[in-house]
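Reading through the structure tokens given below for one structure.
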Amino acid sequence: MKSILKPLLMIVAMALGTTAAATLPAWALVELNVNKGNVEPLPIAITDFQGGDALGAEISGIVSADLKRSGLFAPIDKSAFIEKISNPDATPRFEDWKVINAQALVTGSVSKEADGRVRAQYRLWDTFAGQQMSGEQFFANDANTRRVAHIIADAIYERLTGEKGYFDTRVVFIDESGAKNARKKRLAIMDQDGANVRYLSNGKSIVLTPRFSPNRQEITYMSYESGQPKVYLLQIETGQRELVGDFPGMTFAPRFSPDGQKVIMSLLRDDGNSNIFAMDLRSRSTTRLTNSAAIDTSPSYSPDGSKVVFTSDRGGRAQIYVMGADGSGQTRISFGDGVYSTPVWSPRGDLIAFTKQTAGEFQIGVMRIDGSGERILSTGFQQEGPTWAPNGRVLMFFRDSAGGPKLVSVDLTGRNEQSIPTANFASDPAWSPLLE
């Protein structure tokens, strides 16, 4: 059962089973190996969901777009389909789908219930084994049919890859409009595919670095509405806002701890040094974690909350360091050429993403948590600020284009780079956890 964040309704999920599905082994058709130079997308046929007029085609279209954008699936053109599905509950003619090399098949239907709710159901078939792999049905109101499509795409992704999907998520970002020398910056939120944009601030004051809380309904961000940077907490659905603290000097890049009980940030004090502090959101007590004469900034917790990654120029130029959550054991882990910034720990705990500037280029890359295995995923002019999808397989960042920044995603192979559509320029993305 999955709760809707706005409005507060329910999407109810029920399994659609068959005898064949019950006996099918739990293996994945797509093997994920991020060290491969390329991943061959799995050919998959996604039929228009029956009933519901245009709504069925809309839902199946969103499912198809989600899976294609992941780079792991290649939806087959519908003009190649031999069998025309009229009953999505009936066993398909598998030979017709094998002829067009559809290794997986998705059928489904949409209908309107007597109480006004929409019912959407899907079935996932392994065409070569001739068996149903999974099936579910969902009930939701009209306003949440896009979420149903994302949830179905997540279920298919998980069944075929063995890993959690990331489509039923949102991204908070900075929407930028107007002339470059008078840019209006608004806090905004959208679905991960760029749909359903909603503005969370009016643009009268500059806002920066929004970050999601693990509870999914709260963000932290910086605002200059008083002329000085202040850190706020914002309840996304209610609009209720709370000042975290009024710190002297400059405040940089606040982020939540994994349990949502703390915010970690970099503060510039009167001594001119930028150091890292953690604030308990209940007591509002602040703990200093670094005490150097250098610039320590961009802290990010590990998923278990036991460690923090950050950047420091204490060695002469900005490099990546790791320390305990209490500030102990500060250790440098990056030793490559160039300047490192904006490190972010993967939600899987296995990698750290970063921005690297070298030889006049900006690179988005990842490394293991001990600094080994550095890999560059994207290179370009003025790109930075990576944020992780909740399954730890995709990154989103922003890149300067003609006139301003735009959002881009890339997977861990570095081969599947996608532009994220936004109405205006956009920067500082932060990916939510999966919605519930």
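Naming works like this for the structure tokens: A, B, ... for the chains as they're shown, residue 1 at the start of each chain, ligands 1 onward in shown order.
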
- Residues within 6 Å of range 389-399 of chain A, only C-alpha atoms, excluding chain neighbours under 6 positions, as an MDAnalysis selection string: chainID A and resid 164 346:348 382:383 405:412 427 431 433

- Item | Test item, strand (DSSP E) assignment across range 171-379 of chain A, answer as a ChimeraX atom specification | /A:171-177,184-191,198-199,207-212,218-223,230-235,241-245,251-256,262-268,274-280,286-288,296-301,307-312,319-324,331-332,339-345,351-358,361-368,375-379

- Task: Quick one: everything within 9 Å of range 213-219 of chain A, counting only C-alpha atoms, minus sequence neighbours fewer than 6 positions away in the same chain. Send it as a PyMOL selection string.
- Result: chain A and resi 5+172+232-237+255-260+432-436

The selected residues should be written to file as a PDB file, in the first residue's frame (atoms: C-alpha atoms).
```pdb
ATOM      1  CA  LEU A   5       1.785  12.830  -0.707  1.00  0.00           C
ATOM      2  CA  VAL A 172      13.612  19.384  -5.843  1.00  0.00           C
ATOM      3  CA  TYR A 232      15.203  26.693   6.613  1.00  0.00           C
ATOM      4  CA  LEU A 233      13.151  23.525   6.863  1.00  0.00           C
ATOM      5  CA  LEU A 234      10.104  23.357   4.601  1.00  0.00           C
ATOM      6  CA  GLN A 235       7.221  20.898   4.799  1.00  0.00           C
ATOM      7  CA  ILE A 236       6.587  20.299   1.101  1.00  0.00           C
ATOM      8  CA  GLU A 237       2.881  19.478   1.298  1.00  0.00           C
ATOM      9  CA  ARG A 255      22.181  18.194   4.374  1.00  0.00           C
ATOM     10  CA  PHE A 256      20.132  15.843   6.539  1.00  0.00           C
ATOM     11  CA  SER A 257      21.481  12.889   8.468  1.00  0.00           C
ATOM     12  CA  PRO A 258      20.042   9.513   7.350  1.00  0.00           C
ATOM     13  CA  ASP A 259      17.617   9.442  10.296  1.00  0.00           C
ATOM     14  CA  GLY A 260      16.451  12.997   9.580  1.00  0.00           C
ATOM     15  CA  SER A 432      14.010  12.190  -3.195  1.00  0.00           C
ATOM     16  CA  PRO A 433      13.860   8.670  -1.789  1.00  0.00           C
ATOM     17  CA  LEU A 434      11.131   6.433  -3.230  1.00  0.00           C
ATOM     18  CA  LEU A 435       7.705   7.797  -2.347  1.00  0.00           C
ATOM     19  CA  GLU A 436       5.387   5.838  -0.080  1.00  0.00           C
TER      20      GLU A 436
END
```

- Message: Need to verify the contact set: Lys262 in chain A, 12 Å, only C-alpha atoms, exclusion of same-chain residues closer than 3 positions in sequence. Can you return it as a PyMOL selection string?
- Response: chain A and resi 213-214+220+233+244+254-259+265+277-287+300-301+305+325

Based on the selection just made, write N, CA and C atoms of those residues as a PDB file, in the first residue's frame.
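File produced: out_13.pdb:
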```
ATOM      1  N   SER A 213      14.847  15.472   3.006  1.00  0.00           N
ATOM      2  CA  SER A 213      14.931  14.705   4.245  1.00  0.00           C
ATOM      3  C   SER A 213      14.604  13.242   3.951  1.00  0.00           C
ATOM      4  N   PRO A 214      15.125  12.320   4.740  1.00  0.00           N
ATOM      5  CA  PRO A 214      14.760  10.916   4.547  1.00  0.00           C
ATOM      6  C   PRO A 214      13.270  10.645   4.735  1.00  0.00           C
ATOM      7  N   THR A 220      15.478  20.842   3.339  1.00  0.00           N
ATOM      8  CA  THR A 220      16.245  21.933   3.905  1.00  0.00           C
ATOM      9  C   THR A 220      16.854  22.715   2.749  1.00  0.00           C
ATOM     10  N   LEU A 233      13.827  24.791   7.125  1.00  0.00           N
ATOM     11  CA  LEU A 233      13.151  23.525   6.863  1.00  0.00           C
ATOM     12  C   LEU A 233      11.789  23.847   6.284  1.00  0.00           C
ATOM     13  N   VAL A 244      15.972  26.981  10.781  1.00  0.00           N
ATOM     14  CA  VAL A 244      16.844  26.062  11.509  1.00  0.00           C
ATOM     15  C   VAL A 244      17.734  26.823  12.474  1.00  0.00           C
ATOM     16  N   PRO A 254      23.538  22.789   3.499  1.00  0.00           N
ATOM     17  CA  PRO A 254      23.035  21.915   4.567  1.00  0.00           C
ATOM     18  C   PRO A 254      22.487  20.603   4.017  1.00  0.00           C
ATOM     19  N   ARG A 255      22.724  19.505   4.735  1.00  0.00           N
ATOM     20  CA  ARG A 255      22.181  18.194   4.374  1.00  0.00           C
ATOM     21  C   ARG A 255      21.681  17.480   5.614  1.00  0.00           C
ATOM     22  N   PHE A 256      20.677  16.626   5.441  1.00  0.00           N
ATOM     23  CA  PHE A 256      20.132  15.843   6.539  1.00  0.00           C
ATOM     24  C   PHE A 256      21.006  14.629   6.848  1.00  0.00           C
ATOM     25  N   SER A 257      20.941  14.192   8.096  1.00  0.00           N
ATOM     26  CA  SER A 257      21.481  12.889   8.468  1.00  0.00           C
ATOM     27  C   SER A 257      20.499  11.826   7.985  1.00  0.00           C
ATOM     28  N   PRO A 258      20.932  10.565   7.865  1.00  0.00           N
ATOM     29  CA  PRO A 258      20.042   9.513   7.350  1.00  0.00           C
ATOM     30  C   PRO A 258      18.776   9.310   8.171  1.00  0.00           C
ATOM     31  N   ASP A 259      18.823   9.593   9.474  1.00  0.00           N
ATOM     32  CA  ASP A 259      17.617   9.442  10.296  1.00  0.00           C
ATOM     33  C   ASP A 259      16.767  10.704  10.321  1.00  0.00           C
ATOM     34  N   MET A 265      26.359  20.933   7.987  1.00  0.00           N
ATOM     35  CA  MET A 265      26.609  22.060   7.085  1.00  0.00           C
ATOM     36  C   MET A 265      27.989  22.641   7.341  1.00  0.00           C
ATOM     37  N   PHE A 277      29.824  21.686  10.820  1.00  0.00           N
ATOM     38  CA  PHE A 277      29.052  21.609  12.051  1.00  0.00           C
ATOM     39  C   PHE A 277      27.823  20.735  11.820  1.00  0.00           C
ATOM     40  N   ALA A 278      27.402  20.050  12.870  1.00  0.00           N
ATOM     41  CA  ALA A 278      26.152  19.282  12.851  1.00  0.00           C
ATOM     42  C   ALA A 278      25.200  19.882  13.864  1.00  0.00           C
ATOM     43  N   MET A 279      23.937  20.011  13.478  1.00  0.00           N
ATOM     44  CA  MET A 279      22.925  20.549  14.387  1.00  0.00           C
ATOM     45  C   MET A 279      21.853  19.509  14.641  1.00  0.00           C
ATOM     46  N   ASP A 280      21.552  19.269  15.906  1.00  0.00           N
ATOM     47  CA  ASP A 280      20.442  18.417  16.301  1.00  0.00           C
ATOM     48  C   ASP A 280      19.152  19.213  16.129  1.00  0.00           C
ATOM     49  N   LEU A 281      18.228  18.722  15.311  1.00  0.00           N
ATOM     50  CA  LEU A 281      17.024  19.487  14.997  1.00  0.00           C
ATOM     51  C   LEU A 281      16.035  19.546  16.142  1.00  0.00           C
ATOM     52  N   ARG A 282      16.173  18.661  17.117  1.00  0.00           N
ATOM     53  CA  ARG A 282      15.268  18.710  18.262  1.00  0.00           C
ATOM     54  C   ARG A 282      15.746  19.699  19.307  1.00  0.00           C
ATOM     55  N   SER A 283      17.012  19.604  19.675  1.00  0.00           N
ATOM     56  CA  SER A 283      17.543  20.484  20.719  1.00  0.00           C
ATOM     57  C   SER A 283      18.115  21.780  20.179  1.00  0.00           C
ATOM     58  N   ARG A 284      18.377  21.811  18.840  1.00  0.00           N
ATOM     59  CA  ARG A 284      19.031  22.943  18.181  1.00  0.00           C
ATOM     60  C   ARG A 284      20.465  23.153  18.670  1.00  0.00           C
ATOM     61  N   SER A 285      21.032  22.158  19.302  1.00  0.00           N
ATOM     62  CA  SER A 285      22.434  22.247  19.729  1.00  0.00           C
ATOM     63  C   SER A 285      23.341  21.962  18.544  1.00  0.00           C
ATOM     64  N   THR A 286      24.475  22.670  18.471  1.00  0.00           N
ATOM     65  CA  THR A 286      25.403  22.566  17.354  1.00  0.00           C
ATOM     66  C   THR A 286      26.725  21.982  17.812  1.00  0.00           C
ATOM     67  N   THR A 287      27.241  21.034  17.045  1.00  0.00           N
ATOM     68  CA  THR A 287      28.515  20.391  17.351  1.00  0.00           C
ATOM     69  C   THR A 287      29.502  20.654  16.221  1.00  0.00           C
ATOM     70  N   SER A 300      28.549  15.267   3.580  1.00  0.00           N
ATOM     71  CA  SER A 300      27.467  14.348   3.242  1.00  0.00           C
ATOM     72  C   SER A 300      27.636  13.078   4.068  1.00  0.00           C
ATOM     73  N   TYR A 301      26.563  12.645   4.739  1.00  0.00           N
ATOM     74  CA  TYR A 301      26.609  11.440   5.571  1.00  0.00           C
ATOM     75  C   TYR A 301      26.623  10.163   4.729  1.00  0.00           C
ATOM     76  N   GLY A 305      24.934   6.616   8.586  1.00  0.00           N
ATOM     77  CA  GLY A 305      25.142   7.737   9.496  1.00  0.00           C
ATOM     78  C   GLY A 305      26.426   7.691  10.293  1.00  0.00           C
ATOM     79  N   ALA A 325      31.321  10.313  12.073  1.00  0.00           N
ATOM     80  CA  ALA A 325      30.234  11.275  12.241  1.00  0.00           C
ATOM     81  C   ALA A 325      30.469  12.219  13.415  1.00  0.00           C
TER      82      ALA A 325
END
```

- Which of A:Phe310, A:Phe362, A:Phe167, A:Tyr122 sits closest to Phe138 in chain A [using only C-alpha atoms]: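 Nearest to Phe138 in chain A: A:Tyr122.
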
- Task: Tell me, as a list in words, which residues lie within 9 Å of range 327-331 of chain A, counting only C-alpha atoms; anything in the same chain fewer than 6 positions away does not count.
- Result: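 My list of contacting residues is Ile276, Arg288, Leu289, Thr290, Lys307, Val308, Ile320 and Tyr321 of chain A.
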
Just C-alpha atoms for this one: save the residues we selected as a PDB file, in the first residue's frame.
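So again36.pdb came out as:
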```pdb
ATOM      1  CA  ILE A 276      31.768  21.623   9.389  1.00  0.00           C
ATOM      2  CA  ARG A 288      31.699  21.403  15.568  1.00  0.00           C
ATOM      3  CA  LEU A 289      33.210  18.486  13.636  1.00  0.00           C
ATOM      4  CA  THR A 290      36.271  20.052  11.968  1.00  0.00           C
ATOM      5  CA  LYS A 307      30.740   8.597   8.534  1.00  0.00           C
ATOM      6  CA  VAL A 308      30.855  11.918   6.712  1.00  0.00           C
ATOM      7  CA  ILE A 320      37.926  14.624  -0.669  1.00  0.00           C
ATOM      8  CA  TYR A 321      38.158  13.501   2.963  1.00  0.00           C
TER       9      TYR A 321
END
```

- Residue with smallest distance to Trp125 in chain A - pool A:Val309, A:Ile46, A:Ala65, A:Ala293, counting only C-alpha atoms: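 Under the stated criterion, the closest residue is A:Ile46.
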